[in-house]
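Student: So here's work-v8.txt, just compact mmCIF, C-alpha atoms:
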```txt
# COMPACT_ATOMS: atom_id res chain seq x y z
CA MET A 1 158.94 105.57 100.89
CA PHE A 2 160.70 104.76 104.17
CA ASP A 3 161.39 108.45 104.85
CA PHE A 4 157.64 109.08 104.71
CA LEU A 5 156.99 106.30 107.20
CA LYS A 6 159.55 107.76 109.61
CA LYS A 7 158.08 111.26 109.44
CA GLU A 8 154.57 109.96 109.94
CA ASN A 9 155.35 107.99 113.09
CA THR A 10 158.22 109.83 114.76
CA LYS A 11 156.37 112.31 116.97
CA HIS A 12 153.57 110.33 118.54
CA HIS A 13 154.81 106.77 118.86
CA LYS A 14 156.00 105.79 122.33
CA PRO A 15 156.47 102.03 122.30
CA LYS A 16 156.54 99.79 125.34
CA PHE A 17 158.42 96.52 125.21
CA GLY A 18 155.52 94.04 125.23
CA LEU A 19 153.98 91.30 123.11
CA LYS A 20 151.36 93.54 121.49
CA GLU A 21 153.95 96.13 120.56
CA LEU A 22 156.38 93.46 119.40
CA LEU A 23 153.87 92.24 116.81
CA HIS A 24 154.12 95.64 115.11
CA TYR A 25 157.84 95.04 114.63
CA VAL A 26 157.67 91.50 113.25
CA GLY A 27 158.27 91.53 109.50
CA PRO A 28 161.75 92.71 108.48
CA GLY A 29 163.34 89.51 109.81
CA LEU A 30 160.86 87.34 107.93
CA LEU A 31 161.69 89.12 104.67
CA VAL A 32 165.32 88.20 105.30
CA THR A 33 164.33 84.62 106.19
CA VAL A 34 163.10 83.88 102.66
CA GLY A 35 166.61 84.58 101.41
CA PHE A 36 167.98 81.53 103.21
CA ILE A 37 165.11 79.20 102.37
CA ASP A 38 165.43 79.97 98.67
CA PRO A 39 165.87 77.35 95.89
CA GLY A 40 169.66 77.34 96.35
CA ASN A 41 169.21 76.24 99.96
CA TRP A 42 166.72 73.57 98.89
CA ALA A 43 169.33 71.99 96.62
CA SER A 44 172.04 72.05 99.31
CA ASN A 45 169.77 70.71 102.06
CA ILE A 46 168.30 67.92 99.97
CA ALA A 47 171.78 66.84 98.90
CA ALA A 48 172.88 66.89 102.57
CA GLY A 49 169.96 64.74 103.71
CA SER A 50 169.99 62.30 100.80
CA ASP A 51 173.74 61.66 101.05
CA TYR A 52 174.36 61.80 104.81
CA GLY A 53 171.02 61.40 106.54
CA TYR A 54 170.71 63.41 109.76
CA LYS A 55 174.46 63.88 110.23
CA LEU A 56 174.74 67.40 108.78
CA LEU A 57 171.89 69.01 110.71
CA TRP A 58 174.50 70.63 112.98
CA MET A 59 175.59 72.75 110.01
CA VAL A 60 172.13 74.32 109.79
CA THR A 61 172.37 75.25 113.47
CA LEU A 62 175.88 76.71 113.18
CA SER A 63 175.14 78.69 110.02
CA THR A 64 171.92 80.06 111.54
CA ILE A 65 173.79 81.27 114.63
CA MET A 66 176.29 83.05 112.37
CA LEU A 67 173.43 84.55 110.39
CA ILE A 68 171.65 85.82 113.51
CA ILE A 69 174.82 87.64 114.63
CA LEU A 70 175.45 89.23 111.23
CA GLN A 71 171.84 90.22 110.54
CA HIS A 72 171.41 91.61 114.05
CA ASN A 73 174.57 93.67 113.59
CA VAL A 74 173.62 95.10 110.19
CA ALA A 75 170.09 95.90 111.39
CA HIS A 76 171.67 98.02 114.14
CA LEU A 77 173.32 100.08 111.41
CA GLY A 78 169.92 100.88 109.92
CA ILE A 79 168.31 101.68 113.27
CA VAL A 80 171.12 103.85 114.68
CA THR A 81 172.08 105.79 111.54
CA GLY A 82 168.84 105.82 109.53
CA ASP A 83 170.87 104.59 106.55
CA CYS A 84 170.96 101.20 104.88
CA LEU A 85 174.28 99.47 104.23
CA ALA A 86 174.49 100.86 100.68
CA GLU A 87 173.73 104.45 101.77
CA ALA A 88 176.29 104.18 104.58
CA ALA A 89 178.92 102.93 102.13
CA HIS A 90 178.15 105.89 99.85
CA LYS A 91 178.49 108.33 102.76
CA HIS A 92 181.51 106.94 104.57
CA LEU A 93 183.74 105.40 101.90
CA LYS A 94 185.73 107.26 99.29
CA PRO A 95 183.58 107.70 96.16
CA TRP A 96 185.67 105.44 93.94
CA LEU A 97 185.76 102.70 96.59
CA SER A 98 182.02 102.82 97.33
CA LYS A 99 181.24 102.57 93.60
CA ILE A 100 183.43 99.47 93.25
CA VAL A 101 182.04 97.79 96.38
CA LEU A 102 178.41 98.52 95.52
CA SER A 103 178.92 97.49 91.89
CA THR A 104 180.04 94.05 93.05
CA ALA A 105 176.96 93.92 95.28
CA VAL A 106 174.74 94.69 92.27
CA LEU A 107 176.34 91.77 90.40
CA ALA A 108 175.69 89.55 93.41
CA ALA A 109 172.04 90.69 93.41
CA VAL A 110 171.76 89.73 89.73
CA SER A 111 173.27 86.33 90.51
CA THR A 112 170.90 85.81 93.42
CA ALA A 113 167.85 86.84 91.42
CA MET A 114 168.83 84.52 88.58
CA ALA A 115 168.97 81.50 90.88
CA GLU A 116 165.67 82.38 92.52
CA ILE A 117 163.78 83.05 89.28
CA LEU A 118 165.17 79.76 88.01
CA GLY A 119 163.95 77.92 91.10
CA ALA A 120 160.43 79.29 90.70
CA ALA A 121 160.52 78.43 86.98
CA ILE A 122 161.53 74.85 87.78
CA ALA A 123 158.53 74.66 90.14
CA LEU A 124 156.17 75.86 87.38
CA ASN A 125 157.67 73.24 85.09
CA LEU A 126 157.05 70.52 87.69
CA LEU A 127 153.47 71.63 88.32
CA PHE A 128 152.25 72.63 84.86
CA ARG A 129 154.92 71.39 82.43
CA ILE A 130 155.63 74.97 81.35
CA PRO A 131 159.10 75.19 79.71
CA VAL A 132 161.63 76.62 82.13
CA LYS A 133 162.54 79.63 79.95
CA LEU A 134 158.91 80.63 79.40
CA ALA A 135 158.24 80.09 83.09
CA SER A 136 161.13 82.44 83.89
CA VAL A 137 159.47 85.22 81.88
CA LEU A 138 156.18 84.64 83.70
CA ILE A 139 157.91 84.81 87.08
CA LEU A 140 159.75 87.99 86.03
CA ALA A 141 156.47 89.68 85.05
CA LEU A 142 154.81 88.61 88.33
CA ILE A 143 157.65 89.90 90.50
CA LEU A 144 157.81 93.28 88.72
CA TRP A 145 154.06 93.64 89.14
CA MET A 146 154.30 92.80 92.85
CA LEU A 147 157.15 95.22 93.49
CA PHE A 148 155.71 98.19 91.61
CA THR A 149 152.02 97.91 92.47
CA ASN A 150 152.16 97.00 96.15
CA SER A 151 153.27 99.04 99.15
CA TYR A 152 155.99 97.80 101.47
CA GLN A 153 153.36 96.84 104.05
CA LYS A 154 151.48 94.72 101.50
CA LEU A 155 154.67 93.06 100.31
CA GLU A 156 155.54 92.24 103.90
CA LYS A 157 152.16 90.53 104.31
CA TRP A 158 152.66 88.63 101.05
CA ILE A 159 156.05 87.39 102.21
CA ILE A 160 154.77 86.36 105.65
CA GLY A 161 152.02 84.41 103.88
CA PHE A 162 154.53 82.71 101.58
CA VAL A 163 156.79 81.73 104.48
CA SER A 164 153.74 80.32 106.29
CA ILE A 165 152.81 78.21 103.25
CA ILE A 166 156.36 76.88 102.96
CA GLY A 167 156.46 76.01 106.65
CA LEU A 168 153.06 74.28 106.58
CA SER A 169 154.10 72.36 103.46
CA PHE A 170 157.06 70.84 105.24
CA ILE A 171 155.02 70.08 108.35
CA TYR A 172 152.69 68.13 106.05
CA GLU A 173 155.62 66.41 104.32
CA LEU A 174 157.13 65.36 107.64
CA SER A 175 153.78 63.99 108.80
CA LEU A 176 153.94 61.47 105.93
CA VAL A 177 157.29 59.94 106.91
CA ASN A 178 158.72 58.21 109.95
CA VAL A 179 161.25 60.62 111.44
CA ASP A 180 163.85 59.25 113.82
CA TRP A 181 163.82 62.20 116.21
CA ASN A 182 166.61 60.73 118.35
CA GLN A 183 168.87 60.78 115.31
CA ALA A 184 167.67 64.27 114.42
CA VAL A 185 168.56 65.62 117.88
CA ARG A 186 171.94 63.91 117.64
CA GLY A 187 172.45 65.49 114.20
CA TRP A 188 171.65 68.98 115.53
CA THR A 189 173.98 68.70 118.50
CA THR A 190 176.89 66.55 117.28
CA VAL A 191 179.50 67.92 114.88
CA GLU A 192 180.47 65.29 112.31
CA PHE A 193 182.41 65.41 109.07
CA PRO A 194 181.41 62.29 107.13
CA LYS A 195 183.81 61.24 104.39
CA GLY A 196 183.32 63.34 101.25
CA SER A 197 180.91 65.76 102.94
CA MET A 198 182.97 68.97 102.92
CA LEU A 199 181.55 70.32 99.64
CA ILE A 200 177.98 69.91 100.87
CA ILE A 201 178.85 71.35 104.29
CA MET A 202 180.30 74.43 102.60
CA SER A 203 177.29 74.64 100.29
CA VAL A 204 174.87 74.62 103.23
CA LEU A 205 176.81 77.40 104.96
CA GLY A 206 177.37 79.39 101.77
CA ALA A 207 173.67 79.28 100.91
CA VAL A 208 172.58 80.65 104.30
CA VAL A 209 174.68 83.84 104.60
CA MET A 210 174.02 85.84 101.42
CA PRO A 211 175.25 89.37 100.55
CA HIS A 212 171.91 90.76 99.39
CA ASN A 213 170.24 89.84 102.71
CA LEU A 214 172.68 92.04 104.63
CA PHE A 215 171.82 95.02 102.41
CA LEU A 216 168.11 94.18 102.54
CA HIS A 217 167.82 93.93 106.34
CA SER A 218 169.52 97.26 106.94
CA GLU A 219 167.08 98.86 104.47
CA ILE A 220 163.74 97.40 105.51
CA ILE A 221 164.43 97.84 109.22
CA GLN A 222 164.14 101.59 108.58
CA SER A 223 160.38 101.21 108.13
CA ARG A 224 160.27 100.62 111.90
CA GLN A 225 162.24 103.77 112.82
CA TRP A 226 159.75 105.91 114.69
CA ASN A 227 162.09 108.12 116.62
CA LEU A 228 165.82 108.61 116.08
CA GLU A 229 166.17 111.44 118.62
CA ASP A 230 164.74 109.82 121.76
CA GLU A 231 167.42 107.48 123.16
CA SER A 232 164.99 105.42 125.25
CA ILE A 233 162.83 104.68 122.21
CA GLN A 234 165.90 103.88 120.13
CA LYS A 235 167.01 101.33 122.73
CA LEU A 236 163.58 99.71 122.60
CA GLN A 237 163.84 99.54 118.81
CA LEU A 238 167.10 97.67 119.14
CA LYS A 239 165.41 95.15 121.46
CA TYR A 240 162.45 94.75 119.13
CA GLU A 241 164.79 94.19 116.20
CA PHE A 242 166.66 91.41 118.01
CA ALA A 243 163.39 89.68 118.94
CA ASP A 244 162.20 89.89 115.33
CA THR A 245 165.54 88.67 113.95
CA LEU A 246 165.78 85.80 116.45
CA LEU A 247 162.20 84.63 115.82
CA SER A 248 162.58 84.86 112.04
CA MET A 249 165.93 83.06 111.93
CA ILE A 250 164.55 80.25 114.13
CA ILE A 251 161.71 79.81 111.62
CA GLY A 252 164.29 79.64 108.83
CA TRP A 253 166.36 77.15 110.85
CA ALA A 254 163.27 74.95 111.30
CA ILE A 255 162.41 74.97 107.58
CA ASN A 256 165.99 74.22 106.52
CA SER A 257 166.16 71.42 109.09
CA ALA A 258 162.86 70.02 107.79
CA MET A 259 164.32 69.84 104.27
CA ILE A 260 167.28 67.76 105.47
CA ILE A 261 165.07 65.53 107.65
CA LEU A 262 162.66 64.92 104.76
CA ALA A 263 165.53 63.96 102.46
CA ALA A 264 167.07 61.77 105.16
CA THR A 265 163.86 59.84 105.85
CA THR A 266 162.92 59.36 102.20
CA PHE A 267 166.03 59.30 100.01
CA PHE A 268 168.91 58.39 102.38
CA SER A 269 166.98 55.53 103.94
CA LYS A 270 166.40 54.10 100.44
CA GLY A 271 169.95 54.73 99.25
CA GLU A 272 168.79 57.30 96.67
CA HIS A 273 171.19 60.14 95.71
CA VAL A 274 169.50 63.42 94.79
CA SER A 275 171.30 66.38 93.24
CA GLU A 276 168.52 68.38 91.53
CA LEU A 277 165.23 69.87 92.69
CA GLY A 278 163.17 68.40 89.86
CA GLN A 279 164.64 64.98 90.56
CA ALA A 280 163.68 65.27 94.23
CA ALA A 281 160.05 66.08 93.42
CA GLN A 282 159.76 63.19 90.98
CA MET A 283 161.37 60.71 93.36
CA LEU A 284 158.96 61.62 96.16
CA LYS A 285 156.03 60.20 94.18
CA PRO A 286 156.80 56.47 94.57
CA LEU A 287 158.17 56.95 98.09
CA VAL A 288 155.44 58.98 99.81
CA GLY A 289 152.81 59.58 97.15
CA GLN A 290 151.70 62.02 94.42
CA GLY A 291 150.38 64.52 96.99
CA ALA A 292 153.78 64.93 98.61
CA SER A 293 155.39 65.61 95.23
CA ILE A 294 152.83 68.31 94.42
CA ILE A 295 153.16 69.95 97.85
CA PHE A 296 156.94 69.96 97.41
CA ALA A 297 156.63 71.76 94.05
CA VAL A 298 154.09 74.25 95.42
CA ALA A 299 156.37 75.12 98.35
CA LEU A 300 159.29 75.51 95.91
CA LEU A 301 157.19 77.88 93.79
CA PHE A 302 156.33 80.11 96.75
CA SER A 303 159.95 79.98 97.90
CA GLY A 304 161.13 81.13 94.48
CA ILE A 305 158.54 83.92 94.24
CA ALA A 306 159.20 85.19 97.77
CA SER A 307 162.98 85.11 97.47
CA THR A 308 162.95 86.76 94.03
CA THR A 309 160.79 89.55 95.44
CA THR A 310 163.24 90.24 98.26
CA ALA A 311 166.19 89.94 95.84
CA GLY A 312 164.58 92.64 93.71
CA MET A 313 164.10 94.86 96.76
CA ALA A 314 167.71 94.30 97.80
CA GLY A 315 168.96 95.07 94.30
CA GLY A 316 166.92 98.27 94.16
CA SER A 317 168.24 99.29 97.57
CA ILE A 318 171.86 98.71 96.53
CA PHE A 319 171.47 100.61 93.26
CA ALA A 320 169.68 103.55 94.94
CA GLY A 321 172.34 103.53 97.65
CA MET A 322 174.99 104.17 95.01
CA PHE A 323 173.35 107.60 94.65
CA GLY A 324 172.96 108.08 98.40
CA GLU A 325 169.21 107.40 98.27
CA PRO A 326 166.93 105.01 100.19
CA TYR A 327 164.80 102.35 98.52
CA ASP A 328 161.70 104.01 97.05
CA PRO A 329 159.62 102.32 94.30
CA ASP A 330 158.53 105.76 93.07
CA ASP A 331 162.11 106.96 92.60
CA PRO A 332 163.74 106.49 89.13
CA HIS A 333 166.99 105.07 90.54
CA THR A 334 165.15 102.41 92.57
CA ARG A 335 162.86 101.50 89.66
CA PHE A 336 165.79 101.29 87.25
CA GLY A 337 167.80 99.14 89.65
CA VAL A 338 164.95 96.73 90.39
CA THR A 339 163.88 96.41 86.75
CA TRP A 340 167.24 95.84 85.15
CA ILE A 341 168.63 93.58 87.85
CA LEU A 342 165.63 91.26 87.45
CA VAL A 343 165.53 91.53 83.63
CA ILE A 344 169.24 90.71 83.30
CA ALA A 345 168.83 87.83 85.75
CA ALA A 346 165.99 86.36 83.67
CA PHE A 347 167.94 86.91 80.44
CA ILE A 348 170.89 84.93 81.77
CA ILE A 349 168.59 81.91 82.17
CA PHE A 350 168.14 81.93 78.38
CA LEU A 351 171.91 81.66 77.95
CA ILE A 352 172.50 78.60 80.16
CA ARG A 353 171.89 75.10 78.91
CA ASP A 354 172.05 73.29 82.23
CA PRO A 355 169.84 74.85 84.98
CA PHE A 356 171.74 72.97 87.71
CA LYS A 357 175.07 74.42 86.53
CA GLY A 358 173.41 77.82 86.47
CA LEU A 359 172.66 77.48 90.17
CA VAL A 360 176.26 76.38 90.82
CA TYR A 361 177.76 79.34 88.93
CA SER A 362 175.47 81.77 90.74
CA GLN A 363 176.71 80.42 94.09
CA MET A 364 180.31 80.86 92.90
CA LEU A 365 179.72 84.55 92.21
CA LEU A 366 178.11 85.00 95.62
CA SER A 367 181.11 83.28 97.19
CA VAL A 368 183.43 85.86 95.67
CA GLN A 369 181.33 88.86 96.75
CA LEU A 370 180.28 87.76 100.25
CA PRO A 371 183.55 88.67 102.06
CA VAL A 372 183.38 92.17 100.54
CA THR A 373 179.93 92.79 102.02
CA VAL A 374 180.68 91.19 105.39
CA PHE A 375 183.84 93.21 105.99
CA LEU A 376 182.17 96.39 104.70
CA GLN A 377 179.51 95.84 107.35
CA ILE A 378 182.08 95.19 110.08
CA TYR A 379 184.04 98.32 109.12
CA LEU A 380 180.96 100.55 109.25
CA THR A 381 179.44 99.12 112.45
CA SER A 382 182.82 99.31 114.21
CA SER A 383 183.30 102.98 113.33
CA GLU A 384 182.55 105.57 116.02
CA SER A 385 182.01 108.24 113.36
CA VAL A 386 179.23 106.08 111.88
CA MET A 387 177.64 104.42 114.91
CA GLY A 388 178.61 106.71 117.79
CA LYS A 389 178.34 104.95 121.14
CA TYR A 390 176.57 102.02 119.49
CA LYS A 391 179.71 100.95 117.63
CA ASN A 392 180.89 97.36 118.02
CA GLY A 393 182.72 96.67 121.26
CA LEU A 394 185.96 94.70 121.25
CA ARG A 395 184.20 91.39 121.97
CA ASP A 396 181.64 91.94 119.21
CA LYS A 397 184.32 93.03 116.78
CA ILE A 398 186.41 89.91 117.44
CA LEU A 399 183.35 87.68 117.02
CA LEU A 400 182.28 89.39 113.79
CA VAL A 401 185.78 89.28 112.30
CA ALA A 402 186.09 85.60 113.21
CA ILE A 403 182.78 84.87 111.46
CA GLY A 404 183.90 86.93 108.47
CA VAL A 405 187.18 85.00 108.20
CA ILE A 406 185.42 81.62 108.52
CA LEU A 407 182.87 82.57 105.87
CA THR A 408 185.61 83.83 103.58
CA ILE A 409 187.68 80.67 103.86
CA LEU A 410 184.71 78.34 103.41
CA ASN A 411 183.33 80.28 100.47
CA ILE A 412 186.72 80.34 98.75
CA MET A 413 186.89 76.57 99.24
CA LEU A 414 183.38 76.24 97.81
CA PHE A 415 184.38 78.42 94.83
CA ILE A 416 187.44 76.25 94.13
CA ALA A 417 185.50 73.00 94.53
CA ALA A 418 182.65 74.21 92.27
CA GLY A 419 185.19 75.31 89.68
CA LYS A 420 186.80 71.88 89.63
CA GLY A 421 183.38 70.25 89.39
```
Do you think you could lay out the structure here as structure tokens?

Tutor:
Amino acid sequence: MFDFLKKENTKHHKPKFGLKELLHYVGPGLLVTVGFIDPGNWASNIAAGSDYGYKLLWMVTLSTIMLIILQHNVAHLGIVTGDCLAEAAHKHLKPWLSKIVLSTAVLAAVSTAMAEILGAAIALNLLFRIPVKLASVLILALILWMLFTNSYQKLEKWIIGFVSIIGLSFIYELSLVNVDWNQAVRGWTTVEFPKGSMLIIMSVLGAVVMPHNLFLHSEIIQSRQWNLEDESIQKLQLKYEFADTLLSMIIGWAINSAMIILAATTFFSKGEHVSELGQAAQMLKPLVGQGASIIFAVALLFSGIASTTTAGMAGGSIFAGMFGEPYDPDDPHTRFGVTWILVIAAFIIFLIRDPFKGLVYSQMLLSVQLPVTVFLQIYLTSSESVMGKYKNGLRDKILLVAIGVILTILNIMLFIAAGKG
């Protein structure tokens, strides 16, 4: 599908770096944004706000900065080479090594999809009292229909609409409460480690940088590749990509911050501890009214649907990449990868008794796989044989490695802490 888009637009498109042209490039970053405002992030953010008020807002800022750097870097891989992360791994790693690396990424995609289907199912249960397992099947059917009957352009519009609904929902929620903006600003700009907060701090960070998003961004950015031969146009594409990534990540930062602020102004101020999404929705009723509870559940539903859709796309991209192919819904490898990753993810929900523990275990698996994807990305984008003159410079390489090491250490700590819990 993406190869067709490139051929169609390569010869005649001569972009100029301006607002009108920029709007044509907005989209890939927003698809990535839904991955870090998914149900797993909701749980972490609500726990952060209900337990520590505004004090952990700085962690949203730090994790978003890390995410911008990593997503910007992996998007460059797609723009410069015309390959997604999975295709590049297939081309530039030894066959046995690429199969192992990409197999772990497929498992991470299954884990991600499971958590996101579960989040959407919990939302359906809150809104319509549909049993979670039945709701999971309904969500699975909806996502498969969306992925196989809509073009990439239509899916992009769907996702942008979903993100808009989520953002507007939290604007409405915040309008119902009295936010202490002085405390919020202090929380964003002051690094604090309240007693007992390390597990939640690691959870917030671990839920923002996710393996499947790195594969996804490098894939979908290819739909904007109009000319790989003309260097001046390629440079403009790199600028457009950064603008799209920066704008999209700022939107994600705002929504994640709004979750913490909402929890701080409602639950923390009343001394209420919240550890589950369903509990949060129910507790909002007596605090800010029935309407707020419903809006919360609706936003959670759209978050789950949007993030499951992008998880399916990422899974299909990874599986197709194992065969050196791009994501293409009409190709058997892509269809097989998307279908079975989502089906297995939904099936796992039937095997777990405690939905909250299911979310925890899914995060543990992501914690194990994340360093593999991050250092794969750094290896490829630092290679001259892969990136040519656009390879990472020494400063960029040091920064990326430092982020990779920090993420690895924190995710290992989160894995150990979740295992003890």

Student: For atom CA of Ile251 of chain A and atom CA of Gly167 of chain A, quote the distance in Å rounded to one decimal.

Tutor: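 Atom CA of Gly167 of chain A lies at a distance of 8.2 Å from atom CA of Ile251 of chain A.
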
Student: Near segment 208-216 of chain A, within 8 Å and counting all atoms listed in the file, which residues show up once chain neighbours fewer than 3 positions away are dropped, as a PyMOL selection string?

Tutor: chain A and resi 32+35-37+41+63-64+66-67+70-71+74+84-86+105+108-109+112+204-205+219-220+310-311+313-315+317-318+366+369-370+373-374

Student: Just give me the gap between atom CA of Leu300 of chain A and atom CA of Ser136 of chain A in Å, one decimal is fine.

Tutor: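 Interatomic distance here is 14.0 Å.
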
Student: Determine the nearest neighbour of Val34 of chain A from the options A:Ile68, A:Met114, A:Ile305, A:Ile79, counting all atoms listed in the file.

Tutor: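 For Val34 of chain A, the nearest of the given residues is A:Ile305.
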
Student: Any idea what's packed within 9 Å of Leu380 of chain A, counting all atoms listed in the file, ignoring anything in its chain fewer than 2 positions away? Could you give it as a list in words?

Tutor: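 Residues near the query, excluding close chain neighbours: Leu77, Leu85, Ala88, Ala89, His92, Phe375, Leu376, Gln377, Ile378, Ser382, Ser383, Glu384, Ser385, Val386, Met387 and Lys391 of chain A.
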
Student: Near Phe336 of chain A, within 12 Å and counting only C-alpha atoms, which residues show up once chain neighbours fewer than 6 positions away are dropped, as a list of chain:residue names?

Tutor: A:Leu144, A:Phe148, A:Gly312, A:Met313, A:Gly315, A:Gly316, A:Ser317, A:Ile318, A:Phe319, A:Ala320, A:Tyr327, A:Asp328, A:Pro329, A:Asp330, A:Leu342, A:Val343, A:Ile344

Student: Taking only C-alpha atoms into account, which of A:Ala346, A:Leu247, A:Leu147, A:Leu97 comes nearest Leu134 of chain A?

Tutor: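 Closest to Leu134 of chain A of all the choices is A:Ala346.
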
Student: Quick check, in Å to one decimal: how far apart do atom CA of Ile341 of chain A and atom CA of Ala113 of chain A lie?

Tutor: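 Result for atom CA of Ile341 of chain A versus atom CA of Ala113 of chain A: 7.7 Å, one decimal.
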
Student: Write out as a PyMOL selection string each polymer residue whose atoms come within 8 Å of segment 188-200 of chain A, counting only C-alpha atoms; drop sequence neighbours fewer than 2 positions from it.

Tutor: chain A and resi 44+47-48+52+55-61+184-186+202-204+414+417
